[in-house]
Amino acid sequence: MASSTVSVSPFPQLTGYLPCTLSAKTVQKCIDAENEKALMSVWGQIKDFFLGTHMEAAQLALFRLAHPKNMDEQLSAFTELLRYVAPADLYRLHWNLSSHEVLGFQIGDHVFAPAHDAADYMKHAAWMDFEDSCRLLLTLRFDGYNVLTGCDYFGLQLYDLSDTPNCSATLERCKTQLRAMPTLLDALQIMRLHLEKQLPGLSTRVKAAINALMFEINGIEAPFTGEIGRNAEQLSKLAEALKDRY
């Protein structure tokens, strides 16, 4: 079984039978590479096969993240990386947004500027695998805060809505708050988290998936409240309520 234990390294650990990390040196090598071929290694592919790691694929994804042809390729590369990183280390990867623009992506201390067409891309919902969307949601940062855990700090009162989901006044207040964050709304649509009416039960599935990821991250012995999952559920419902804003 692939390891999902917390890494003692300051760098993201990849899933696999043996520890394998995306060190600062590896990330920089991918940034500096002239092309994908320069990163490919037969020996590396053999090691990945026998160790169950994904270093070769992760390096290629890093290259595309650093040298994207467009935002679709860049976001796909980042999403692919999330599949390879151990759940306990997902917090080391960020998709950074502000109210009206995409700030870029981040892995540890390395920051990747957004692709040239990011502003246009964000206005169009894109297909994305459900599990990819949930992992991506966990990495989402708005004005420097984690969207699911730091929402109170950037003015979206998800905790209040999660505590009183049937309170119409709280719902309307949160809708007003989220409406003032168009980039975050765009991101939720790209992750297809606004399709509750088309996919009945979607928000409940999102909550369950986020809770399952939190179990992987924290372990079954850690205290569990389910707050993050409930926040994800309410965020999905808000995205559905505001999907026709344009």
# chains A, B, ... in the order shown; residues from 1 in each chain; ligands from 1
>>> residues_around(residues="Phe105 (chain A)", least_positions_apart="5", cutoff="10 Å", atoms="only C-alpha atoms", output="ChimeraX atom specification")
/A:65-66,74-75,78,93-97,110-114,139-141
>>> closest_residue(among="A:Ala187, A:Leu235, A:Ile31, A:Leu213", to="Lys123 (chain A)", atoms="only C-alpha atoms")
A:Ala187
>>> closest_residue(among="A:Thr225, A:Ser76, A:Asn166, A:Gln28", to="Ile107 (chain A)", atoms="only C-alpha atoms")
A:Gln28
>>> select_by_dssp(residues="region 63-228 of chain A", states="strand (DSSP E or B)", output="list in words")
Val85, Leu93, His94, Trp95, Asn96, Leu97, Val102, Leu103, Gly104, Phe105, Gln106, Ile107, His110, Val111, Phe112, Leu140, Arg141, Phe142, Tyr145 and Asn146 of chain A
>>> atom_distance(atom1="CA of Cys151 (chain A)", atom2="CA of Glu80 (chain A)")
25.7 Å
>>> atom_distance(atom1="CA of Thr15 (chain A)", atom2="CA of Met55 (chain A)")
9.5 Å
>>> select_by_dssp(residues="region 35-158 of chain A", states="alpha helix (DSSP H)", output="count of residues only")
51
>>> closest_residue(among="A:Asp120, A:Tyr91, A:Glu240, A:Asn211", to="Tyr145 (chain A)", atoms="only C-alpha atoms")
A:Tyr91
>>> residues_around(residues="Ala61 (chain A)", least_positions_apart="6", cutoff="12 Å", atoms="only C-alpha atoms", output="ChimeraX atom specification")
/A:22,27,30-31,35-36,39-40,54-55,67-68,73-85
>>> closest_residue(among="A:Gln234, A:Thr183, A:Thr176, A:Thr204", to="Leu161 (chain A)", atoms="only C-alpha atoms")
A:Gln234
>>> residues_around(residues="Leu238 (chain A)", least_positions_apart="3", cutoff="9 Å", atoms="only C-alpha atoms", output="PDB file with N, CA and C atoms, in the first residue's frame")
ATOM      1  N   LEU A 171     -27.527  32.531   4.960  1.00  0.00           N
ATOM      2  CA  LEU A 171     -27.315  32.124   3.571  1.00  0.00           C
ATOM      3  C   LEU A 171     -27.186  33.344   2.664  1.00  0.00           C
ATOM      4  N   CYS A 174     -23.873  35.111   3.192  1.00  0.00           N
ATOM      5  CA  CYS A 174     -22.750  34.403   2.574  1.00  0.00           C
ATOM      6  C   CYS A 174     -22.776  34.537   1.053  1.00  0.00           C
ATOM      7  N   LYS A 175     -23.963  34.538   0.471  1.00  0.00           N
ATOM      8  CA  LYS A 175     -24.065  34.731  -0.978  1.00  0.00           C
ATOM      9  C   LYS A 175     -23.543  36.110  -1.373  1.00  0.00           C
ATOM     10  N   LEU A 178     -19.680  35.985  -1.064  1.00  0.00           N
ATOM     11  CA  LEU A 178     -19.028  35.225  -2.127  1.00  0.00           C
ATOM     12  C   LEU A 178     -19.172  35.919  -3.480  1.00  0.00           C
ATOM     13  N   HIS A 194     -20.412  23.464  -8.770  1.00  0.00           N
ATOM     14  CA  HIS A 194     -21.632  24.269  -8.828  1.00  0.00           C
ATOM     15  C   HIS A 194     -22.790  23.517  -9.487  1.00  0.00           C
ATOM     16  N   GLU A 233     -19.118  21.462   1.779  1.00  0.00           N
ATOM     17  CA  GLU A 233     -20.501  21.224   1.361  1.00  0.00           C
ATOM     18  C   GLU A 233     -21.232  22.547   1.139  1.00  0.00           C
ATOM     19  N   GLN A 234     -21.104  23.466   2.074  1.00  0.00           N
ATOM     20  CA  GLN A 234     -21.792  24.748   1.944  1.00  0.00           C
ATOM     21  C   GLN A 234     -21.218  25.581   0.802  1.00  0.00           C
ATOM     22  N   LEU A 235     -19.921  25.466   0.572  1.00  0.00           N
ATOM     23  CA  LEU A 235     -19.298  26.193  -0.533  1.00  0.00           C
ATOM     24  C   LEU A 235     -19.836  25.696  -1.871  1.00  0.00           C
ATOM     25  N   ALA A 241     -25.876  28.218  -6.129  1.00  0.00           N
ATOM     26  CA  ALA A 241     -26.820  29.329  -6.014  1.00  0.00           C
ATOM     27  C   ALA A 241     -26.378  30.547  -6.822  1.00  0.00           C
ATOM     28  N   LEU A 242     -25.067  30.675  -7.054  1.00  0.00           N
ATOM     29  CA  LEU A 242     -24.537  31.860  -7.734  1.00  0.00           C
ATOM     30  C   LEU A 242     -23.981  31.549  -9.120  1.00  0.00           C
ATOM     31  N   LYS A 243     -24.317  30.399  -9.668  1.00  0.00           N
ATOM     32  CA  LYS A 243     -23.683  29.984 -10.923  1.00  0.00           C
ATOM     33  C   LYS A 243     -24.095  30.836 -12.118  1.00  0.00           C
TER      34      LYS A 243
END
>>> atom_distance(atom1="CA of Pro12 (chain A)", atom2="CA of Asp89 (chain A)")
5.4 Å
>>> residues_around(residues="Asp163 (chain A)", least_positions_apart="2", cutoff="12 Å", atoms="only C-alpha atoms", output="number ranges by chain")
A: 157-161, 165-167, 170-171, 226-228, 230-231, 233-234
>>> write_last_selection(atoms="C-alpha atoms", output="PDB file, in the first residue's frame")
ATOM      1  CA  GLN A 157     -18.603  33.137   6.995  1.00  0.00           C
ATOM      2  CA  LEU A 158     -18.802  29.474   6.024  1.00  0.00           C
ATOM      3  CA  TYR A 159     -18.573  28.345   9.639  1.00  0.00           C
ATOM      4  CA  ASP A 160     -21.745  30.280  10.480  1.00  0.00           C
ATOM      5  CA  LEU A 161     -23.521  28.760   7.495  1.00  0.00           C
ATOM      6  CA  PRO A 165     -27.525  25.724   7.243  1.00  0.00           C
ATOM      7  CA  ASN A 166     -31.257  26.475   7.291  1.00  0.00           C
ATOM      8  CA  CYS A 167     -30.906  30.117   8.329  1.00  0.00           C
ATOM      9  CA  THR A 170     -26.959  33.654   7.031  1.00  0.00           C
ATOM     10  CA  LEU A 171     -27.315  32.124   3.571  1.00  0.00           C
ATOM     11  CA  GLY A 226     -16.024  17.319  10.214  1.00  0.00           C
ATOM     12  CA  GLU A 227     -16.019  21.128  10.059  1.00  0.00           C
ATOM     13  CA  ILE A 228     -13.884  21.293   6.925  1.00  0.00           C
ATOM     14  CA  ARG A 230     -19.225  20.836   6.134  1.00  0.00           C
ATOM     15  CA  ASN A 231     -17.583  24.029   4.895  1.00  0.00           C
ATOM     16  CA  GLU A 233     -20.501  21.224   1.361  1.00  0.00           C
ATOM     17  CA  GLN A 234     -21.792  24.748   1.944  1.00  0.00           C
TER      18      GLN A 234
END
